[in-house]
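Quick notes on the structure that follows.
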Amino acid sequence: MSDRLGRRRIVVPALLVTIVAALVLALWPELPGLLTGRLLNGIGVGLMSSTATAYLHDLHHQEYPDRPSSPLPGLVSTAATLGGLALGSLVAGVFAQWGPDPLRTTQLAFAAALIVCLAMALATPETVDRQPAAETRPSRFGLRPGGRAGFASGAALGVFSFAVLGLVTAMGAVILHTELGVSSPFVAGLAPFLMFGWSAAGLLILWRLSLARMLVTGAVAFPLGLALVALSLVHPSLCLYLVAVSIAGIGAGALFKGGVGTASSVALPDSRAGVLAMFFVSCYAGMGVPPVLFSIVLGHLTIEAAVIVFAAALSVGAALAVVAALRTGAVGSTRRSHRHAR
């Protein structure tokens with residue numbers, strides 16, 4: 001929608017919906033309220049994620065028209081996505097451990113932060129001219145010629161990177177409690193914070209790497225972290241578990257950045273948000289489906305065995321996605337564009 005209606009015209013309603021979601025969760029703490037708040041929050045996130053990424057690209061291009069291939073907007077959007085997920089886990093863990101009325105206090109704090117974001121968004125210029133005529137509207141999913149393979153590999157990278165992030169977020173507390181004997185809500189929030197935080201920090205450290213080298217880095221760190229997660233459960237160690245999810249987070253962040261870069265590189269300029277929207281749909285499917293499958297598998301296997309099976313499956317899937325991305329023309333063209341921009 002933002003490709004046709006405008007970025008700010010979508011960002012502002014998305015923020016309003018998310019503020020309402022936080023207030024619903026804070027003021028209606030029964031099960032129907034929790035489900036309603038989750039639904040509204042998902043709508044807000046869905047409206048925001050790809051729109052904000054495209055918005056950053058537009059704003060950067062307006063400010064620096066001579067740098068059309070700069071990796072900075074993609075870096076900022078990826079670091080903001082992963083850093084925000086990290087911050088949310090840590091804040092929730094702190095409030096749950098030491099704060100009064102954890103659910104209400106956390107959601108009211110998020111609502112206040114979102115109101116500040118709303119004021120900032122209202123002060124940010126629109127970057128897309130409204131296009132009312134149907135014939136002038138860009139394609140919702142417009143790819144460059146031969147770009148389908150590149151988008152498919154980028155989406156696969158998003159799926160596998162978010163799969164491990166979703167598993168640690170959704171099932172980490174269960175793993176900590178049953179296998180490592182840790183029941184602290186703060187530690188339950190600390191583990192995803194470290195994973196998402198190191199994902200963002202790793203990007204800030206590695207951002208000068210070409211897209212191909214970023215993918216190779218992710219392909220190495222991702223399975224290494226997952227192997228160490230499995231080892232920390234076979235030989236129970238909280239410290240090893242926290243180190244393992246941090247390494248896995250670095251790998252997941254590199255793969256996610258590679259997926260964003262690959263998907264963006266094959267998108268037509270007027271369909272950037274639409275292509276990124278489909279990319280984020282893939283990512284959130286990767287975050288949501290594996291935890292459900294993991295919980296089903298737990299009915300037949302021990303947690304250690306289930307983690308080993310999922311670690312192996314995700315590692316193989318991520319490796320195949322990296323190989324596919326490297327074989328497409330998207331990575332090569334992005335590398336040439338970055339070299340030309342420098």
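Ordered as shown in the structure tokens, chains take letters A, B, and onward, while each chain numbers its residues from 1 and ligands are numbered from 1 in the order shown.
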Can you tell me, as a PyMOL selection string, what residues are no more than 7 Å from stretch 113-117 of chain A when counting only C-alpha atoms, ignoring any on the same chain fewer than 3 positions away? chain A and resi 15+19+109-110+120-121
Would you export the selected residues with N, CA, C and O atoms as a PDB file, in the first residue's frame, please?
ATOM      1  N   LEU A  15       1.520   3.012  13.613  1.00  0.00           N
ATOM      2  CA  LEU A  15       1.857   3.409  14.979  1.00  0.00           C
ATOM      3  C   LEU A  15       0.600   3.548  15.837  1.00  0.00           C
ATOM      4  O   LEU A  15       0.583   3.142  17.004  1.00  0.00           O
ATOM      5  N   ILE A  19      -0.141   1.466  19.219  1.00  0.00           N
ATOM      6  CA  ILE A  19      -0.413   2.135  20.495  1.00  0.00           C
ATOM      7  C   ILE A  19      -1.696   1.596  21.109  1.00  0.00           C
ATOM      8  O   ILE A  19      -1.765   1.297  22.309  1.00  0.00           O
ATOM      9  N   ALA A 109       4.742   1.478  29.124  1.00  0.00           N
ATOM     10  CA  ALA A 109       6.031   2.045  28.731  1.00  0.00           C
ATOM     11  C   ALA A 109       6.201   2.004  27.217  1.00  0.00           C
ATOM     12  O   ALA A 109       6.665   2.975  26.589  1.00  0.00           O
ATOM     13  N   PHE A 110       5.801   0.889  26.590  1.00  0.00           N
ATOM     14  CA  PHE A 110       5.882   0.802  25.132  1.00  0.00           C
ATOM     15  C   PHE A 110       4.932   1.797  24.466  1.00  0.00           C
ATOM     16  O   PHE A 110       5.269   2.403  23.439  1.00  0.00           O
ATOM     17  N   MET A 120       7.521  11.878  15.920  1.00  0.00           N
ATOM     18  CA  MET A 120       8.643  11.953  14.983  1.00  0.00           C
ATOM     19  C   MET A 120       8.201  11.626  13.559  1.00  0.00           C
ATOM     20  O   MET A 120       8.645  12.255  12.594  1.00  0.00           O
ATOM     21  N   ALA A 121       7.317  10.638  13.413  1.00  0.00           N
ATOM     22  CA  ALA A 121       6.843  10.275  12.080  1.00  0.00           C
ATOM     23  C   ALA A 121       6.046  11.408  11.448  1.00  0.00           C
ATOM     24  O   ALA A 121       6.157  11.669  10.246  1.00  0.00           O
TER      25      ALA A 121
END
Taking only residues of stretch 66-161 of chain A that have an atom at most 7 Å from an atom of stretch 184-208 of chain A, what is each one's shortest atom pair and its distance in Å to one decimal, using only C-alpha atoms, in chain and number order, as JSON lines?
{"residue": "A:Leu75", "atom": "CA", "partner": "A:Trp207", "partner_atom": "CA", "distance": 7.0}
{"residue": "A:Ala79", "atom": "CA", "partner": "A:Ala200", "partner_atom": "CA", "distance": 4.7}
{"residue": "A:Leu82", "atom": "CA", "partner": "A:Phe196", "partner_atom": "CA", "distance": 5.3}
{"residue": "A:Gly83", "atom": "CA", "partner": "A:Ala200", "partner_atom": "CA", "distance": 5.6}
{"residue": "A:Leu85", "atom": "CA", "partner": "A:Phe196", "partner_atom": "CA", "distance": 6.3}
{"residue": "A:Ala86", "atom": "CA", "partner": "A:Phe193", "partner_atom": "CA", "distance": 4.2}
{"residue": "A:Leu87", "atom": "CA", "partner": "A:Phe193", "partner_atom": "CA", "distance": 6.4}
{"residue": "A:Ser89", "atom": "CA", "partner": "A:Gly189", "partner_atom": "CA", "distance": 4.9}
{"residue": "A:Leu90", "atom": "CA", "partner": "A:Gly189", "partner_atom": "CA", "distance": 5.1}
{"residue": "A:Ala92", "atom": "CA", "partner": "A:Gly189", "partner_atom": "CA", "distance": 6.7}
{"residue": "A:Gly93", "atom": "CA", "partner": "A:Phe186", "partner_atom": "CA", "distance": 4.2}
{"residue": "A:Val94", "atom": "CA", "partner": "A:Phe186", "partner_atom": "CA", "distance": 5.5}
{"residue": "A:Ala96", "atom": "CA", "partner": "A:Pro185", "partner_atom": "CA", "distance": 6.0}
{"residue": "A:Gln97", "atom": "CA", "partner": "A:Pro185", "partner_atom": "CA", "distance": 5.5}
Using all heavy atoms, can you export the residues from the last selection as an mmCIF file, in the first residue's frame?
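Just written: out-v6.cif:
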data_model
loop_
_atom_site.group_PDB
_atom_site.id
_atom_site.type_symbol
_atom_site.label_atom_id
_atom_site.label_comp_id
_atom_site.auth_asym_id
_atom_site.auth_seq_id
_atom_site.Cartn_x
_atom_site.Cartn_y
_atom_site.Cartn_z
ATOM 1 N N LEU A 75 21.412 -1.369 6.184
ATOM 2 C CA LEU A 75 22.067 -1.646 7.457
ATOM 3 C C LEU A 75 21.260 -1.082 8.619
ATOM 4 O O LEU A 75 21.029 -1.766 9.626
ATOM 5 C CB LEU A 75 23.478 -1.037 7.454
ATOM 6 C CG LEU A 75 24.231 -1.075 8.780
ATOM 7 C CD1 LEU A 75 24.616 -2.502 9.128
ATOM 8 C CD2 LEU A 75 25.468 -0.187 8.726
ATOM 9 N N ALA A 79 19.477 -3.364 11.473
ATOM 10 C CA ALA A 79 19.913 -3.202 12.859
ATOM 11 C C ALA A 79 18.757 -2.736 13.742
ATOM 12 O O ALA A 79 18.629 -3.158 14.895
ATOM 13 C CB ALA A 79 21.065 -2.196 12.925
ATOM 14 N N LEU A 82 16.389 -5.894 14.346
ATOM 15 C CA LEU A 82 16.951 -6.851 15.295
ATOM 16 C C LEU A 82 17.197 -6.213 16.663
ATOM 17 O O LEU A 82 16.968 -6.831 17.699
ATOM 18 C CB LEU A 82 18.251 -7.427 14.732
ATOM 19 C CG LEU A 82 18.094 -8.206 13.417
ATOM 20 C CD1 LEU A 82 19.452 -8.596 12.862
ATOM 21 C CD2 LEU A 82 17.238 -9.446 13.634
ATOM 22 N N GLY A 83 17.667 -4.956 16.662
ATOM 23 C CA GLY A 83 17.893 -4.271 17.932
ATOM 24 C C GLY A 83 16.597 -4.034 18.691
ATOM 25 O O GLY A 83 16.552 -4.142 19.929
ATOM 26 N N LEU A 85 13.874 -5.964 18.533
ATOM 27 C CA LEU A 85 13.485 -7.250 19.089
ATOM 28 C C LEU A 85 14.317 -7.593 20.329
ATOM 29 O O LEU A 85 13.814 -8.161 21.301
ATOM 30 C CB LEU A 85 13.643 -8.336 18.024
ATOM 31 C CG LEU A 85 12.642 -8.274 16.871
ATOM 32 C CD1 LEU A 85 13.088 -9.178 15.730
ATOM 33 C CD2 LEU A 85 11.254 -8.675 17.338
ATOM 34 N N ALA A 86 15.599 -7.238 20.305
ATOM 35 C CA ALA A 86 16.459 -7.472 21.469
ATOM 36 C C ALA A 86 16.010 -6.646 22.661
ATOM 37 O O ALA A 86 15.889 -7.141 23.785
ATOM 38 C CB ALA A 86 17.911 -7.143 21.109
ATOM 39 N N LEU A 87 15.752 -5.363 22.415
ATOM 40 C CA LEU A 87 15.364 -4.465 23.506
ATOM 41 C C LEU A 87 14.044 -4.895 24.137
ATOM 42 O O LEU A 87 13.879 -4.860 25.354
ATOM 43 C CB LEU A 87 15.263 -3.034 22.986
ATOM 44 C CG LEU A 87 14.932 -1.956 24.019
ATOM 45 C CD1 LEU A 87 16.030 -1.875 25.069
ATOM 46 C CD2 LEU A 87 14.755 -0.606 23.337
ATOM 47 N N SER A 89 12.757 -7.891 24.424
ATOM 48 C CA SER A 89 12.951 -9.064 25.290
ATOM 49 C C SER A 89 13.566 -8.670 26.623
ATOM 50 O O SER A 89 13.146 -9.148 27.688
ATOM 51 C CB SER A 89 13.841 -10.091 24.581
ATOM 52 O OG SER A 89 13.257 -10.512 23.374
ATOM 53 N N LEU A 90 14.568 -7.796 26.578
ATOM 54 C CA LEU A 90 15.252 -7.412 27.814
ATOM 55 C C LEU A 90 14.330 -6.595 28.715
ATOM 56 O O LEU A 90 14.266 -6.826 29.932
ATOM 57 C CB LEU A 90 16.507 -6.605 27.480
ATOM 58 C CG LEU A 90 17.377 -6.231 28.683
ATOM 59 C CD1 LEU A 90 17.946 -7.482 29.332
ATOM 60 C CD2 LEU A 90 18.504 -5.289 28.266
ATOM 61 N N ALA A 92 11.058 -6.611 28.834
ATOM 62 C CA ALA A 92 10.043 -7.484 29.393
ATOM 63 C C ALA A 92 10.611 -8.339 30.526
ATOM 64 O O ALA A 92 9.958 -8.540 31.555
ATOM 65 C CB ALA A 92 9.460 -8.360 28.295
ATOM 66 N N GLY A 93 11.848 -8.844 30.331
ATOM 67 C CA GLY A 93 12.463 -9.659 31.378
ATOM 68 C C GLY A 93 12.733 -8.879 32.650
ATOM 69 O O GLY A 93 12.524 -9.373 33.764
ATOM 70 N N VAL A 94 13.194 -7.638 32.506
ATOM 71 C CA VAL A 94 13.465 -6.793 33.675
ATOM 72 C C VAL A 94 12.177 -6.505 34.439
ATOM 73 O O VAL A 94 12.109 -6.639 35.668
ATOM 74 C CB VAL A 94 14.151 -5.480 33.240
ATOM 75 C CG1 VAL A 94 14.201 -4.495 34.411
ATOM 76 C CG2 VAL A 94 15.563 -5.764 32.740
ATOM 77 N N ALA A 96 9.361 -8.205 34.352
ATOM 78 C CA ALA A 96 8.809 -9.433 34.907
ATOM 79 C C ALA A 96 9.548 -9.871 36.168
ATOM 80 O O ALA A 96 8.957 -10.457 37.080
ATOM 81 C CB ALA A 96 8.851 -10.544 33.858
ATOM 82 N N GLN A 97 10.846 -9.580 36.238
ATOM 83 C CA GLN A 97 11.647 -9.997 37.391
ATOM 84 C C GLN A 97 11.492 -9.046 38.565
ATOM 85 O O GLN A 97 11.331 -9.490 39.713
ATOM 86 C CB GLN A 97 13.119 -10.069 36.981
ATOM 87 C CG GLN A 97 14.060 -10.562 38.083
ATOM 88 C CD GLN A 97 13.978 -12.063 38.277
ATOM 89 O OE1 GLN A 97 14.008 -12.805 37.301
ATOM 90 N NE2 GLN A 97 13.858 -12.522 39.507
#
Do you know which residues are at most 8 Å from A:Leu240 counting only C-alpha atoms, after dropping those on the same chain fewer than 4 positions away, and could you put them as number ranges by chain? A: 228-229, 232, 244
May I have all residues of stretch 91-193 of chain A that DSSP, computed from the backbone, assigns to helix (DSSP H, G or I), given as an MDAnalysis selection string? chainID A and resid 91:98 102:122 134:136 148:179 185:193
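Comparing A:Gly261, A:Gly6, A:Gly274, A:Gly288 by their smallest distance to A:Pro125, the closest is A:Gly6 (using only C-alpha atoms).
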Counting only C-alpha atoms, which residues of stretch 80-190 of chain A fall within 9 Å of stretch 22-30 of chain A, and what is the closest atom pair for each with its distance in Å at one decimal, ordered by chain and rising number, as a Markdown table?
| residue | atom | partner | partner_atom | distance |
| --- | --- | --- | --- | --- |
| A:Leu103 | CA | A:Ala26 | CA | 6.4 |
| A:Arg104 | CA | A:Ala26 | CA | 4.2 |
| A:Thr105 | CA | A:Ala26 | CA | 7.3 |
| A:Thr106 | CA | A:Ala26 | CA | 8.0 |
| A:Gln107 | CA | A:Ala22 | CA | 5.1 |
| A:Leu108 | CA | A:Ala26 | CA | 6.4 |
| A:Ala109 | CA | A:Ala22 | CA | 8.9 |
| A:Phe110 | CA | A:Ala22 | CA | 6.9 |
| A:Ala111 | CA | A:Ala22 | CA | 5.7 |
Residue selection dump (all heavy atoms) as a PDB file, in the first residue's frame:
ATOM      1  N   LEU A 103       2.934  -6.851  33.353  1.00  0.00           N
ATOM      2  CA  LEU A 103       2.285  -6.729  32.050  1.00  0.00           C
ATOM      3  C   LEU A 103       1.844  -5.292  31.792  1.00  0.00           C
ATOM      4  O   LEU A 103       2.149  -4.702  30.755  1.00  0.00           O
ATOM      5  CB  LEU A 103       1.079  -7.666  31.972  1.00  0.00           C
ATOM      6  CG  LEU A 103       0.244  -7.558  30.686  1.00  0.00           C
ATOM      7  CD1 LEU A 103       1.085  -7.878  29.460  1.00  0.00           C
ATOM      8  CD2 LEU A 103      -0.978  -8.459  30.758  1.00  0.00           C
ATOM      9  N   ARG A 104       1.131  -4.710  32.752  1.00  0.00           N
ATOM     10  CA  ARG A 104       0.597  -3.361  32.551  1.00  0.00           C
ATOM     11  C   ARG A 104       1.731  -2.332  32.439  1.00  0.00           C
ATOM     12  O   ARG A 104       1.709  -1.455  31.564  1.00  0.00           O
ATOM     13  CB  ARG A 104      -0.344  -3.011  33.696  1.00  0.00           C
ATOM     14  CG  ARG A 104      -0.990  -1.633  33.567  1.00  0.00           C
ATOM     15  CD  ARG A 104      -2.059  -1.403  34.626  1.00  0.00           C
ATOM     16  NE  ARG A 104      -3.281  -2.152  34.329  1.00  0.00           N
ATOM     17  CZ  ARG A 104      -3.683  -3.235  35.006  1.00  0.00           C
ATOM     18  NH1 ARG A 104      -2.955  -3.686  36.021  1.00  0.00           N
ATOM     19  NH2 ARG A 104      -4.785  -3.854  34.682  1.00  0.00           N
ATOM     20  N   THR A 105       2.729  -2.429  33.304  1.00  0.00           N
ATOM     21  CA  THR A 105       3.830  -1.464  33.286  1.00  0.00           C
ATOM     22  C   THR A 105       4.600  -1.527  31.971  1.00  0.00           C
ATOM     23  O   THR A 105       4.931  -0.491  31.373  1.00  0.00           O
ATOM     24  CB  THR A 105       4.784  -1.721  34.458  1.00  0.00           C
ATOM     25  OG1 THR A 105       4.045  -1.724  35.681  1.00  0.00           O
ATOM     26  CG2 THR A 105       5.861  -0.656  34.525  1.00  0.00           C
ATOM     27  N   THR A 106       4.886  -2.738  31.495  1.00  0.00           N
ATOM     28  CA  THR A 106       5.634  -2.899  30.248  1.00  0.00           C
ATOM     29  C   THR A 106       4.872  -2.299  29.076  1.00  0.00           C
ATOM     30  O   THR A 106       5.438  -1.543  28.258  1.00  0.00           O
ATOM     31  CB  THR A 106       5.913  -4.388  29.977  1.00  0.00           C
ATOM     32  OG1 THR A 106       6.616  -4.948  31.085  1.00  0.00           O
ATOM     33  CG2 THR A 106       6.740  -4.566  28.715  1.00  0.00           C
ATOM     34  N   GLN A 107       3.592  -2.613  28.976  1.00  0.00           N
ATOM     35  CA  GLN A 107       2.819  -2.132  27.827  1.00  0.00           C
ATOM     36  C   GLN A 107       2.617  -0.621  27.868  1.00  0.00           C
ATOM     37  O   GLN A 107       2.627   0.041  26.825  1.00  0.00           O
ATOM     38  CB  GLN A 107       1.470  -2.862  27.773  1.00  0.00           C
ATOM     39  CG  GLN A 107       1.591  -4.352  27.491  1.00  0.00           C
ATOM     40  CD  GLN A 107       2.318  -4.654  26.192  1.00  0.00           C
ATOM     41  OE1 GLN A 107       2.210  -3.913  25.219  1.00  0.00           O
ATOM     42  NE2 GLN A 107       3.075  -5.743  26.173  1.00  0.00           N
ATOM     43  N   LEU A 108       2.435  -0.054  29.044  1.00  0.00           N
ATOM     44  CA  LEU A 108       2.301   1.400  29.142  1.00  0.00           C
ATOM     45  C   LEU A 108       3.611   2.087  28.751  1.00  0.00           C
ATOM     46  O   LEU A 108       3.604   3.154  28.123  1.00  0.00           O
ATOM     47  CB  LEU A 108       1.879   1.801  30.549  1.00  0.00           C
ATOM     48  CG  LEU A 108       0.438   1.433  30.938  1.00  0.00           C
ATOM     49  CD1 LEU A 108       0.168   1.803  32.399  1.00  0.00           C
ATOM     50  CD2 LEU A 108      -0.569   2.112  30.013  1.00  0.00           C
ATOM     51  N   ALA A 109       4.742   1.478  29.124  1.00  0.00           N
ATOM     52  CA  ALA A 109       6.031   2.045  28.731  1.00  0.00           C
ATOM     53  C   ALA A 109       6.201   2.004  27.217  1.00  0.00           C
ATOM     54  O   ALA A 109       6.665   2.975  26.589  1.00  0.00           O
ATOM     55  CB  ALA A 109       7.169   1.273  29.412  1.00  0.00           C
ATOM     56  N   PHE A 110       5.801   0.889  26.590  1.00  0.00           N
ATOM     57  CA  PHE A 110       5.882   0.802  25.132  1.00  0.00           C
ATOM     58  C   PHE A 110       4.932   1.797  24.466  1.00  0.00           C
ATOM     59  O   PHE A 110       5.269   2.403  23.439  1.00  0.00           O
ATOM     60  CB  PHE A 110       5.565  -0.617  24.671  1.00  0.00           C
ATOM     61  CG  PHE A 110       6.717  -1.580  24.832  1.00  0.00           C
ATOM     62  CD1 PHE A 110       6.532  -2.824  25.392  1.00  0.00           C
ATOM     63  CD2 PHE A 110       7.990  -1.228  24.411  1.00  0.00           C
ATOM     64  CE1 PHE A 110       7.590  -3.709  25.545  1.00  0.00           C
ATOM     65  CE2 PHE A 110       9.062  -2.102  24.558  1.00  0.00           C
ATOM     66  CZ  PHE A 110       8.854  -3.348  25.134  1.00  0.00           C
ATOM     67  N   ALA A 111       3.747   1.969  25.034  1.00  0.00           N
ATOM     68  CA  ALA A 111       2.803   2.936  24.467  1.00  0.00           C
ATOM     69  C   ALA A 111       3.397   4.345  24.492  1.00  0.00           C
ATOM     70  O   ALA A 111       3.263   5.103  23.518  1.00  0.00           O
ATOM     71  CB  ALA A 111       1.483   2.892  25.235  1.00  0.00           C
TER      72      ALA A 111
END
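Going from atom CA of A:Val11 over to atom CA of A:Pro269, you cover 19.2 Å.
Across A:Leu242, A:Ala152, A:Ala112, A:Leu122, the tightest approach to A:Ala263 is made by A:Ala152 when counting only C-alpha atoms.
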